[in-house]
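Structure data follow from coords-v4.txt (compact mmCIF, C-alpha atoms and all ligand atoms):
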```
# COMPACT_ATOMS: atom_id res chain seq x y z
CA MET A 1 101.54 28.43 306.18
CA ARG A 2 104.81 30.35 306.05
CA SER A 3 106.21 30.96 309.50
CA HIS A 4 109.02 33.33 310.55
CA ARG A 5 110.75 33.38 313.91
CA ILE A 6 111.42 36.94 314.97
CA ALA A 7 113.61 37.90 317.93
CA VAL A 8 112.20 41.07 319.45
CA ILE A 9 114.44 43.45 321.42
CA PRO A 10 112.38 46.50 322.39
CA GLY A 11 115.28 47.97 324.45
CA ASP A 12 114.82 51.35 326.13
CA GLY A 13 112.40 54.29 326.24
CA ILE A 14 110.05 54.65 323.29
CA GLY A 15 111.71 51.60 321.71
CA GLN A 16 109.36 49.54 323.89
CA GLU A 17 106.30 51.51 322.80
CA VAL A 18 106.93 51.52 319.06
CA ILE A 19 107.99 47.87 318.86
CA GLU A 20 104.85 46.80 320.74
CA ALA A 21 102.88 48.77 318.15
CA GLY A 22 104.84 47.18 315.30
CA LYS A 23 104.15 43.67 316.59
CA LYS A 24 100.41 44.39 316.64
CA VAL A 25 100.54 45.57 313.05
CA LEU A 26 102.54 42.54 311.92
CA SER A 27 100.06 40.24 313.69
CA ALA A 28 97.14 42.00 311.98
CA LEU A 29 98.89 41.53 308.65
CA ALA A 30 99.49 37.82 309.31
CA GLU A 31 95.90 37.26 310.36
CA LYS A 32 94.62 39.01 307.25
CA SER A 33 96.85 37.09 304.88
CA GLY A 34 95.88 33.68 306.28
CA ASP A 35 99.02 31.89 305.06
CA LEU A 36 101.63 33.80 307.03
CA CYS A 37 102.55 33.73 310.70
CA PHE A 38 105.17 35.21 312.99
CA GLU A 39 106.58 33.67 316.10
CA PHE A 40 107.78 36.56 318.25
CA VAL A 41 110.24 35.85 321.07
CA ASP A 42 110.93 38.80 323.37
CA PHE A 43 114.37 39.57 324.78
CA ASP A 44 114.62 41.95 327.74
CA TRP A 45 118.06 43.22 326.73
CA SER A 46 117.90 46.83 327.87
CA SER A 47 119.58 49.44 330.03
CA GLN A 48 117.34 48.41 332.92
CA ARG A 49 118.75 44.90 332.65
CA TYR A 50 122.27 46.32 332.56
CA LEU A 51 121.65 48.37 335.69
CA GLU A 52 120.24 45.33 337.51
CA LYS A 53 122.53 42.57 336.24
CA GLY A 54 125.61 44.36 334.91
CA GLU A 55 125.11 43.15 331.34
CA TYR A 56 122.93 43.86 328.35
CA ILE A 57 123.41 40.48 326.69
CA PRO A 58 123.58 37.37 328.89
CA ALA A 59 126.23 34.69 328.31
CA GLY A 60 125.32 32.68 325.20
CA GLY A 61 122.84 35.37 324.19
CA LEU A 62 124.18 36.00 320.70
CA ASP A 63 124.25 32.29 320.04
CA LYS A 64 120.57 32.06 320.92
CA LEU A 65 119.80 35.09 318.78
CA SER A 66 121.64 33.59 315.81
CA ARG A 67 118.90 30.99 315.35
CA PHE A 68 116.19 33.52 314.46
CA ASP A 69 115.10 34.58 310.97
CA ALA A 70 115.32 38.29 311.83
CA ILE A 71 115.72 40.68 314.74
CA TYR A 72 113.21 43.48 315.37
CA PHE A 73 114.95 46.09 317.52
CA GLY A 74 113.61 49.22 319.26
CA ALA A 75 116.20 51.60 320.68
CA VAL A 76 118.94 51.66 323.26
CA GLY A 77 120.00 54.57 325.43
CA SER A 78 119.37 55.60 329.01
CA GLN A 79 120.12 58.63 331.14
CA ASP A 80 121.64 56.23 333.71
CA VAL A 81 124.19 54.55 331.41
CA PRO A 82 126.81 56.43 329.36
CA ASP A 83 125.83 56.26 325.67
CA HIS A 84 129.15 54.78 324.57
CA ILE A 85 128.54 51.83 326.90
CA SER A 86 124.92 51.14 325.95
CA LEU A 87 125.61 51.47 322.25
CA TRP A 88 128.66 49.21 322.23
CA GLU A 89 127.33 46.61 324.67
CA LEU A 90 124.05 46.05 322.90
CA ARG A 91 123.48 47.43 319.42
CA LEU A 92 127.03 47.30 318.13
CA ALA A 93 127.62 43.93 319.79
CA ILE A 94 124.84 42.52 317.63
CA CYS A 95 125.78 44.39 314.43
CA GLN A 96 129.41 43.38 314.70
CA GLY A 97 128.79 39.90 316.11
CA PHE A 98 126.52 39.08 313.15
CA ASP A 99 128.61 40.90 310.56
CA GLN A 100 125.72 43.15 309.58
CA TYR A 101 128.00 45.27 307.49
CA ALA A 102 125.40 46.95 305.31
CA ASN A 103 123.15 49.48 306.96
CA VAL A 104 120.38 50.56 304.62
CA ARG A 105 118.33 53.69 305.23
CA PRO A 106 115.59 54.78 302.84
CA ALA A 107 114.34 58.37 302.97
CA ARG A 108 111.18 59.54 301.27
CA VAL A 109 108.41 61.99 302.11
CA LEU A 110 105.31 59.95 302.81
CA PRO A 111 101.93 61.27 301.62
CA GLY A 112 100.42 63.84 303.98
CA VAL A 113 103.71 64.45 305.79
CA ASN A 114 104.96 68.02 305.74
CA SER A 115 108.63 68.56 305.20
CA ARG A 116 110.02 71.97 305.98
CA LEU A 117 112.14 71.65 302.87
CA LYS A 118 110.89 73.14 299.61
CA GLY A 119 110.97 70.49 296.91
CA ALA A 120 111.15 67.64 299.43
CA GLU A 121 108.64 65.59 297.40
CA SER A 122 111.53 64.65 295.15
CA ILE A 123 113.47 63.00 298.00
CA ASP A 124 113.73 59.32 297.21
CA TRP A 125 117.06 58.21 298.54
CA ILE A 126 118.62 55.13 300.00
CA ILE A 127 121.65 55.77 302.13
CA VAL A 128 124.00 52.79 302.39
CA ARG A 129 126.12 53.01 305.49
CA GLU A 130 129.20 50.89 306.08
CA ASN A 131 128.32 49.30 309.40
CA SER A 132 131.28 47.24 310.55
CA GLU A 133 134.43 49.35 310.58
CA GLY A 134 135.67 52.85 309.80
CA GLU A 135 135.29 55.52 312.41
CA TYR A 136 133.36 53.18 314.71
CA SER A 137 135.98 50.45 314.86
CA GLY A 138 136.49 51.03 318.55
CA ASN A 139 140.22 51.65 318.16
CA GLY A 140 142.06 54.31 320.06
CA GLY A 141 143.04 55.17 323.54
CA ARG A 142 143.62 57.79 326.20
CA VAL A 143 146.89 58.57 327.88
CA HIS A 144 147.65 60.85 330.84
CA GLN A 145 143.98 60.57 331.70
CA GLY A 146 142.86 63.40 333.95
CA PHE A 147 146.08 65.42 333.47
CA PRO A 148 146.36 68.66 331.50
CA ASP A 149 148.44 66.95 328.80
CA GLU A 150 145.87 64.20 328.27
CA VAL A 151 145.58 62.81 324.75
CA GLY A 152 142.69 60.87 323.23
CA THR A 153 142.93 59.12 319.88
CA GLU A 154 140.14 57.62 317.80
CA VAL A 155 141.49 55.52 314.97
CA SER A 156 139.40 54.83 311.89
CA VAL A 157 140.12 51.46 310.33
CA PHE A 158 139.23 50.82 306.69
CA THR A 159 140.06 47.43 305.22
CA LYS A 160 140.07 46.90 301.48
CA LYS A 161 137.79 43.90 301.93
CA GLY A 162 135.37 45.90 304.07
CA VAL A 163 135.35 48.80 301.63
CA GLU A 164 134.93 46.61 298.58
CA ARG A 165 131.99 44.64 299.96
CA ILE A 166 130.01 47.76 300.91
CA HIS A 167 130.64 49.31 297.50
CA ARG A 168 129.50 46.13 295.74
CA PHE A 169 126.40 46.06 297.91
CA ALA A 170 125.64 49.70 297.05
CA PHE A 171 126.17 49.15 293.32
CA GLN A 172 123.84 46.16 293.32
CA LEU A 173 121.19 48.14 295.17
CA ALA A 174 121.55 51.07 292.77
CA GLN A 175 121.28 48.67 289.85
CA SER A 176 117.93 47.41 291.16
CA ARG A 177 116.40 50.92 291.23
CA PRO A 178 114.84 52.74 288.28
CA ARG A 179 117.35 55.61 288.23
CA LYS A 180 120.44 53.38 288.74
CA GLN A 181 122.47 56.18 290.22
CA LEU A 182 125.08 56.00 292.96
CA THR A 183 126.83 58.85 294.78
CA LEU A 184 130.06 58.16 296.63
CA VAL A 185 130.60 60.31 299.72
CA THR A 186 134.01 60.64 301.39
CA LYS A 187 136.35 63.31 302.70
CA SER A 188 139.40 62.37 300.70
CA ASN A 189 140.73 65.88 300.31
CA ALA A 190 141.49 66.22 304.02
CA GLN A 191 141.86 62.58 305.03
CA ARG A 192 144.61 61.08 302.96
CA TYR A 193 144.61 57.37 303.71
CA GLY A 194 141.40 55.53 304.47
CA MET A 195 139.27 57.97 302.49
CA VAL A 196 141.50 57.73 299.44
CA LEU A 197 141.25 53.94 299.70
CA TRP A 198 137.46 54.34 299.70
CA ASP A 199 137.60 56.40 296.51
CA GLU A 200 140.03 54.07 294.73
CA VAL A 201 138.10 50.90 295.52
CA PHE A 202 134.83 52.59 294.49
CA PHE A 203 136.09 53.40 290.99
CA GLU A 204 137.56 49.92 290.65
CA VAL A 205 134.26 48.26 291.62
CA ALA A 206 132.36 50.66 289.33
CA LYS A 207 133.89 48.94 286.30
CA ASP A 208 131.76 45.87 287.06
CA TYR A 209 128.55 47.92 287.01
CA PRO A 210 128.66 49.98 283.80
CA ASP A 211 124.90 50.52 283.83
CA VAL A 212 125.04 52.44 287.13
CA SER A 213 125.78 56.14 286.76
CA ILE A 214 128.13 57.41 289.43
CA ASP A 215 129.33 60.63 290.94
CA ARG A 216 131.40 61.67 293.90
CA GLU A 217 130.97 64.25 296.64
CA LEU A 218 132.81 65.39 299.71
CA VAL A 219 130.70 64.93 302.82
CA ASP A 220 130.46 68.65 303.55
CA ALA A 221 129.34 69.44 300.01
CA VAL A 222 126.80 66.65 299.89
CA THR A 223 124.86 68.14 302.83
CA THR A 224 124.17 71.26 300.78
CA ARG A 225 123.22 69.18 297.74
CA MET A 226 120.75 67.18 299.85
CA VAL A 227 119.06 70.41 300.89
CA LEU A 228 119.31 72.40 297.65
CA LYS A 229 119.04 69.74 294.95
CA PRO A 230 117.40 66.70 296.56
CA GLU A 231 116.15 65.44 293.19
CA THR A 232 119.68 64.82 291.92
CA MET A 233 120.41 61.87 294.18
CA ASP A 234 119.31 58.24 294.37
CA VAL A 235 121.58 55.82 296.27
CA ILE A 236 124.34 57.25 298.46
CA VAL A 237 127.21 55.19 299.88
CA ALA A 238 129.26 56.51 302.79
CA THR A 239 131.30 55.46 305.80
CA ASN A 240 129.92 54.59 309.22
CA LEU A 241 130.22 58.13 310.65
CA HIS A 242 129.37 60.09 307.53
CA ALA A 243 126.30 58.03 306.71
CA ASP A 244 125.17 58.17 310.34
CA ILE A 245 125.04 61.95 310.11
CA LEU A 246 123.62 62.09 306.58
CA SER A 247 120.80 59.72 307.43
CA ASP A 248 119.65 61.85 310.38
CA LEU A 249 119.63 64.81 307.99
CA ALA A 250 117.72 62.76 305.43
CA ALA A 251 115.16 61.73 308.06
CA ALA A 252 114.62 65.31 309.21
CA LEU A 253 114.29 66.56 305.62
CA SER A 254 111.70 63.93 304.87
CA GLY A 255 109.48 64.86 307.80
CA SER A 256 110.46 63.43 311.15
CA LEU A 257 112.99 61.21 312.85
CA GLY A 258 109.96 59.21 314.00
CA ILE A 259 109.24 57.89 310.51
CA ALA A 260 112.56 56.60 309.24
CA PRO A 261 113.51 52.91 309.23
CA THR A 262 116.79 51.10 308.89
CA ALA A 263 118.05 47.60 308.17
CA ASN A 264 121.34 46.21 309.43
CA LEU A 265 121.96 43.51 306.88
CA ASN A 266 124.16 40.47 306.84
CA PRO A 267 123.96 40.07 303.07
CA ALA A 268 125.53 36.59 303.10
CA ARG A 269 122.71 35.46 305.41
CA THR A 270 125.07 33.49 307.61
CA PHE A 271 123.53 35.39 310.55
CA PRO A 272 120.20 37.12 311.06
CA SER A 273 119.78 40.74 310.04
CA MET A 274 118.42 43.38 312.36
CA PHE A 275 115.69 45.94 311.65
CA GLU A 276 115.09 49.11 313.69
CA PRO A 277 113.63 52.59 313.48
CA ILE A 278 116.46 55.10 313.23
CA HIS A 279 115.37 57.19 316.19
CA GLY A 280 116.70 56.68 319.71
CA SER A 281 114.99 56.07 323.03
CA ALA A 282 113.71 59.69 323.22
CA PHE A 283 113.60 60.17 327.02
CA ASP A 284 111.71 63.42 326.60
CA ILE A 285 108.57 61.62 325.41
CA ALA A 286 109.05 58.08 326.75
CA GLY A 287 106.13 56.65 328.73
CA LYS A 288 103.70 59.28 327.45
CA GLY A 289 102.18 57.17 324.70
CA ILE A 290 102.82 59.82 322.06
CA ALA A 291 105.77 58.33 320.16
CA ASN A 292 105.30 58.06 316.42
CA PRO A 293 105.23 54.34 315.60
CA VAL A 294 105.44 54.83 311.82
CA GLY A 295 109.22 54.34 311.85
CA SER A 296 108.76 50.94 313.41
CA PHE A 297 106.02 50.05 310.86
CA TRP A 298 108.26 51.04 307.96
CA THR A 299 111.03 49.02 309.64
CA ALA A 300 108.66 46.03 309.58
CA VAL A 301 108.25 46.55 305.82
CA MET A 302 112.03 46.24 305.38
CA MET A 303 112.03 43.11 307.55
CA LEU A 304 109.24 41.54 305.45
CA GLU A 305 111.17 42.27 302.25
CA HIS A 306 114.22 40.58 303.72
CA LEU A 307 112.13 37.57 304.73
CA GLY A 308 110.94 37.23 301.13
CA GLU A 309 107.40 38.36 301.99
CA SER A 310 107.15 40.95 299.25
CA THR A 311 103.35 40.89 298.99
CA ALA A 312 102.95 41.49 302.72
CA ALA A 313 105.64 44.21 302.54
CA GLU A 314 103.79 46.03 299.75
CA ARG A 315 100.52 45.71 301.62
CA LEU A 316 101.96 47.17 304.78
CA MET A 317 103.69 50.03 302.94
CA ALA A 318 100.42 50.89 301.21
CA ALA A 319 98.64 50.87 304.59
CA ILE A 320 101.32 53.18 306.05
CA GLU A 321 100.86 55.60 303.16
CA ARG A 322 97.07 55.61 303.56
CA LEU A 323 97.58 56.25 307.26
CA THR A 324 99.91 59.24 306.81
CA ALA A 325 97.74 60.59 303.98
CA SER A 326 94.67 60.43 306.26
CA GLY A 327 96.17 63.16 308.44
CA LEU A 328 96.11 61.06 311.62
CA GLN A 329 99.47 62.15 312.97
CA THR A 330 101.43 62.19 316.20
CA LYS A 331 102.84 65.31 317.81
CA ASP A 332 106.21 65.21 316.03
CA LEU A 333 104.31 65.68 312.74
CA GLY A 334 102.11 68.43 314.14
CA GLY A 335 99.13 66.23 315.06
CA THR A 336 97.54 65.14 318.34
CA ALA A 337 97.15 61.38 317.80
CA THR A 338 98.65 58.92 320.28
CA THR A 339 100.75 55.85 319.49
CA ARG A 340 97.68 53.74 320.20
CA ASP A 341 95.38 55.81 317.91
CA VAL A 342 97.79 55.39 315.03
CA THR A 343 98.29 51.68 315.69
CA GLN A 344 94.55 50.98 315.93
CA ALA A 345 93.90 52.93 312.74
CA ILE A 346 96.44 51.01 310.69
CA CYS A 347 95.31 47.63 312.08
CA ALA A 348 91.70 48.51 311.20
CA ASP A 349 92.81 49.52 307.70
CA ILE A 350 94.68 46.24 307.22
CA GLU A 351 91.59 44.29 308.32
CA ARG A 352 89.39 46.23 305.86
CA GLN A 353 91.57 45.74 302.79
P1 LIG B 1 120.22 58.30 320.09
O1 LIG B 1 121.43 58.79 320.77
O2 LIG B 1 119.76 56.96 320.58
O3 LIG B 1 120.30 58.41 318.60
P2 LIG B 1 119.06 60.83 320.34
O4 LIG B 1 119.42 61.45 321.63
O5 LIG B 1 119.78 61.20 319.12
O6 LIG B 1 119.05 59.27 320.53
P3 LIG B 1 116.26 60.48 319.87
O7 LIG B 1 115.95 59.64 321.03
O8 LIG B 1 116.24 59.83 318.54
O9 LIG B 1 117.58 61.21 320.10
O10 LIG B 1 115.29 61.74 319.83
C1 LIG B 1 115.60 62.98 319.22
C2 LIG B 1 114.36 63.86 319.22
O11 LIG B 1 113.41 63.35 318.28
C3 LIG B 1 113.66 63.92 320.56
O12 LIG B 1 113.16 65.20 320.81
C4 LIG B 1 112.54 62.93 320.41
O13 LIG B 1 111.43 63.22 321.21
C5 LIG B 1 112.19 63.01 318.93
N1 LIG B 1 111.75 61.69 318.45
C6 LIG B 1 112.55 60.64 318.16
N2 LIG B 1 111.82 59.59 317.78
C7 LIG B 1 110.53 59.96 317.84
C8 LIG B 1 109.30 59.28 317.58
N3 LIG B 1 109.24 58.00 317.19
N4 LIG B 1 108.16 59.98 317.76
C9 LIG B 1 108.19 61.24 318.15
N5 LIG B 1 109.31 61.94 318.40
C10 LIG B 1 110.49 61.30 318.25
MG MG B 2 120.87 60.16 317.43
```

Encoding of this model in structure tokens:
Amino acid sequence: MRSHRIAVIPGDGIGQEVIEAGKKVLSALAEKSGDLCFEFVDFDWSSQRYLEKGEYIPAGGLDKLSRFDAIYFGAVGSQDVPDHISLWELRLAICQGFDQYANVRPARVLPGVNSRLKGAESIDWIIVRENSEGEYSGNGGRVHQGFPDEVGTEVSVFTKKGVERIHRFAFQLAQSRPRKQLTLVTKSNAQRYGMVLWDEVFFEVAKDYPDVSIDRELVDAVTTRMVLKPETMDVIVATNLHADILSDLAAALSGSLGIAPTANLNPARTFPSMFEPIHGSAFDIAGKGIANPVGSFWTAVMMLEHLGESTAAERLMAAIERLTASGLQTKDLGGTATTRDVTQAICADIERQ
């Protein structure tokens, strides 16, 4: 029996609903396989906890978390806590504390899902987002706060080491895919320092991967290419901010924000990696039982791959595709199914296979 210890942080809003659904599906998968089991340990690290106790993560919390094989995360964000506090105190504290520097976001139109984009069937991208520095380094300040001459600065920090390791990661990922193609995205015409460093290091690293075909785009231009020529791209590597934006675009183009997964990887495996759907806590639909749980199922597939459970990962992905193809869809995809309907259907499918 192969056993994996999973730390579960449902967080806020629909994060709680979709992670609950994901756990059910993972349990169904384990039961079916017979030689696989998950030990889930729940952590109540959420905005509600912050409002009650003044902290998202208790003292020693990260240390405790570091002993798990993976982290399954829902969403963080509340109308009662400023977003820059909730994000930094919980999600970024984990990503940065565990050096999860590679954020990986696949985008693909699943069977039966309607994209509003013509030609969207050819979307098969993986966006690699630098996840530890850049525009989200937390550097900057405000002076003369509250006065008319107030100034706010936000300093992007790019280290050669940080840039090189994300490029190497992206090249290796591109190398493992059939098309072996990697697009570098920066804004080095207008930003003369960090972005130029990104470009230079990219072309240096490229020499070690001669079998990967490469090209380069400015971030503004790549948005039009994603919409007009989606078939021309495979793996995309970009900074923290740029890839954040591009991956929301990619998710919308491939159907719905409710479907897309992401992995925050610590490639050296010195700390656990964290897996989460890309959507947020979605206050507008929280508590109604209508959130699309497919993003959290696909997230579970990425977690299984990371845990070395490739057979279970393939099984779950196939079940997700049969589910979307069946037309049973939540409201965001134009259907009327509830989170529970979708979860029950996929669990039943897994049991049948
Ligand atoms: P964050 O700041 O945490 O990224 P956000 O404000 O960008 O959050 P989301 O919470 O991701 O936004 O929601 C954006 C929109 O997408 C909302 O209208 C929400 O209802 C919808 N949405 C997001 N996730 C889902 C889902 N799983 N199922 C259905 N609709 C979703
Ligand atoms: Mg968002």

Return as a short mmCIF file (atom, residue, chain, number, x, y, z; two decimals) with C-alpha atoms, in the coordinates of the input every polymer residue, whether protein, DNA or RNA, with at least one atom no more than 9 Å from an atom of ligand LIG 1 (chain B); count only C-alpha atoms and all ligand atoms.
```cif
data_model
loop_
_atom_site.label_atom_id
_atom_site.label_comp_id
_atom_site.auth_asym_id
_atom_site.auth_seq_id
_atom_site.Cartn_x
_atom_site.Cartn_y
_atom_site.Cartn_z
CA GLY A 13 112.40 54.29 326.24
CA ILE A 14 110.05 54.65 323.29
CA GLY A 15 111.71 51.60 321.71
CA VAL A 18 106.93 51.52 319.06
CA ALA A 75 116.20 51.60 320.68
CA VAL A 76 118.94 51.66 323.26
CA GLY A 77 120.00 54.57 325.43
CA SER A 78 119.37 55.60 329.01
CA ASP A 83 125.83 56.26 325.67
CA LEU A 87 125.61 51.47 322.25
CA ASP A 248 119.65 61.85 310.38
CA SER A 256 110.46 63.43 311.15
CA LEU A 257 112.99 61.21 312.85
CA GLY A 258 109.96 59.21 314.00
CA ILE A 259 109.24 57.89 310.51
CA ALA A 260 112.56 56.60 309.24
CA PRO A 277 113.63 52.59 313.48
CA ILE A 278 116.46 55.10 313.23
CA HIS A 279 115.37 57.19 316.19
CA GLY A 280 116.70 56.68 319.71
CA SER A 281 114.99 56.07 323.03
CA ALA A 282 113.71 59.69 323.22
CA PHE A 283 113.60 60.17 327.02
CA ASP A 284 111.71 63.42 326.60
CA ILE A 285 108.57 61.62 325.41
CA ALA A 286 109.05 58.08 326.75
CA ILE A 290 102.82 59.82 322.06
CA ALA A 291 105.77 58.33 320.16
CA ASN A 292 105.30 58.06 316.42
CA PRO A 293 105.23 54.34 315.60
CA VAL A 294 105.44 54.83 311.82
CA GLY A 295 109.22 54.34 311.85
CA SER A 296 108.76 50.94 313.41
CA THR A 330 101.43 62.19 316.20
CA LYS A 331 102.84 65.31 317.81
CA ASP A 332 106.21 65.21 316.03
CA LEU A 333 104.31 65.68 312.74
CA THR A 339 100.75 55.85 319.49
#
```

Handout entry: Contacts of segment 346-348 of chain A at 12 Å (all atoms listed in the file; same-chain gap of 6+ positions) as a VMD selection string
Key = chain A and resid 21 to 32 293 to 294 297 315 to 326 328 to 329 339 to 340

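Straight-line separation from atom CA of Phe171 of chain A to atom CA of Asn139 of chain A: 28.6 Å.
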
Problem - Atomic separation - atom CA of Ile166 of chain A relative to atom CA of Lys229 of chain A, Å - result: 25.3 Å

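Among the candidate residues A:Val227, A:Val301, A:Ile245, A:Ala221, the one lying nearest to Gly119 of chain A is A:Val227, with distances computed using all atoms listed in the file.
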
Exercise for the section: Take the point (112.9, 60.2, 299.6) as written in the file and pick out every residue within 10 Å of it, counting all atoms listed in the file; give the list as a ChimeraX atom specification. Expected result: /A:106-110,120-126,230-231,233-234,250-251,253-254

Exercise for the section: Take atom CA of Leu265 of chain A and atom CA of Ser247 of chain A and report the distance between them in Å, one decimal. Expected result: 16.3 Å

Completion exercise
One residue among A:Asn114, A:Gln191, A:Ser33, A:Ser46 is nearest to Gly11 of chain A when using only C-alpha atoms, and that residue is A:Ser46

Problem - Residues within 9 Å of Met1 of chain A, only C-alpha atoms, excluding chain neighbours under 3 positions, as a PyMOL selection string - result: chain A and resi 34-37

Problem - Which residue of A:Ile350, A:Leu51, A:Val104, A:Ala170 approaches Ala312 of chain A most closely, using only C-alpha atoms - result: A:Ile350

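Residue nearest Ala93 of chain A, chosen from A:Arg168, A:Arg269, A:Met274, A:Arg49 and counting all atoms listed in the file: A:Met274.
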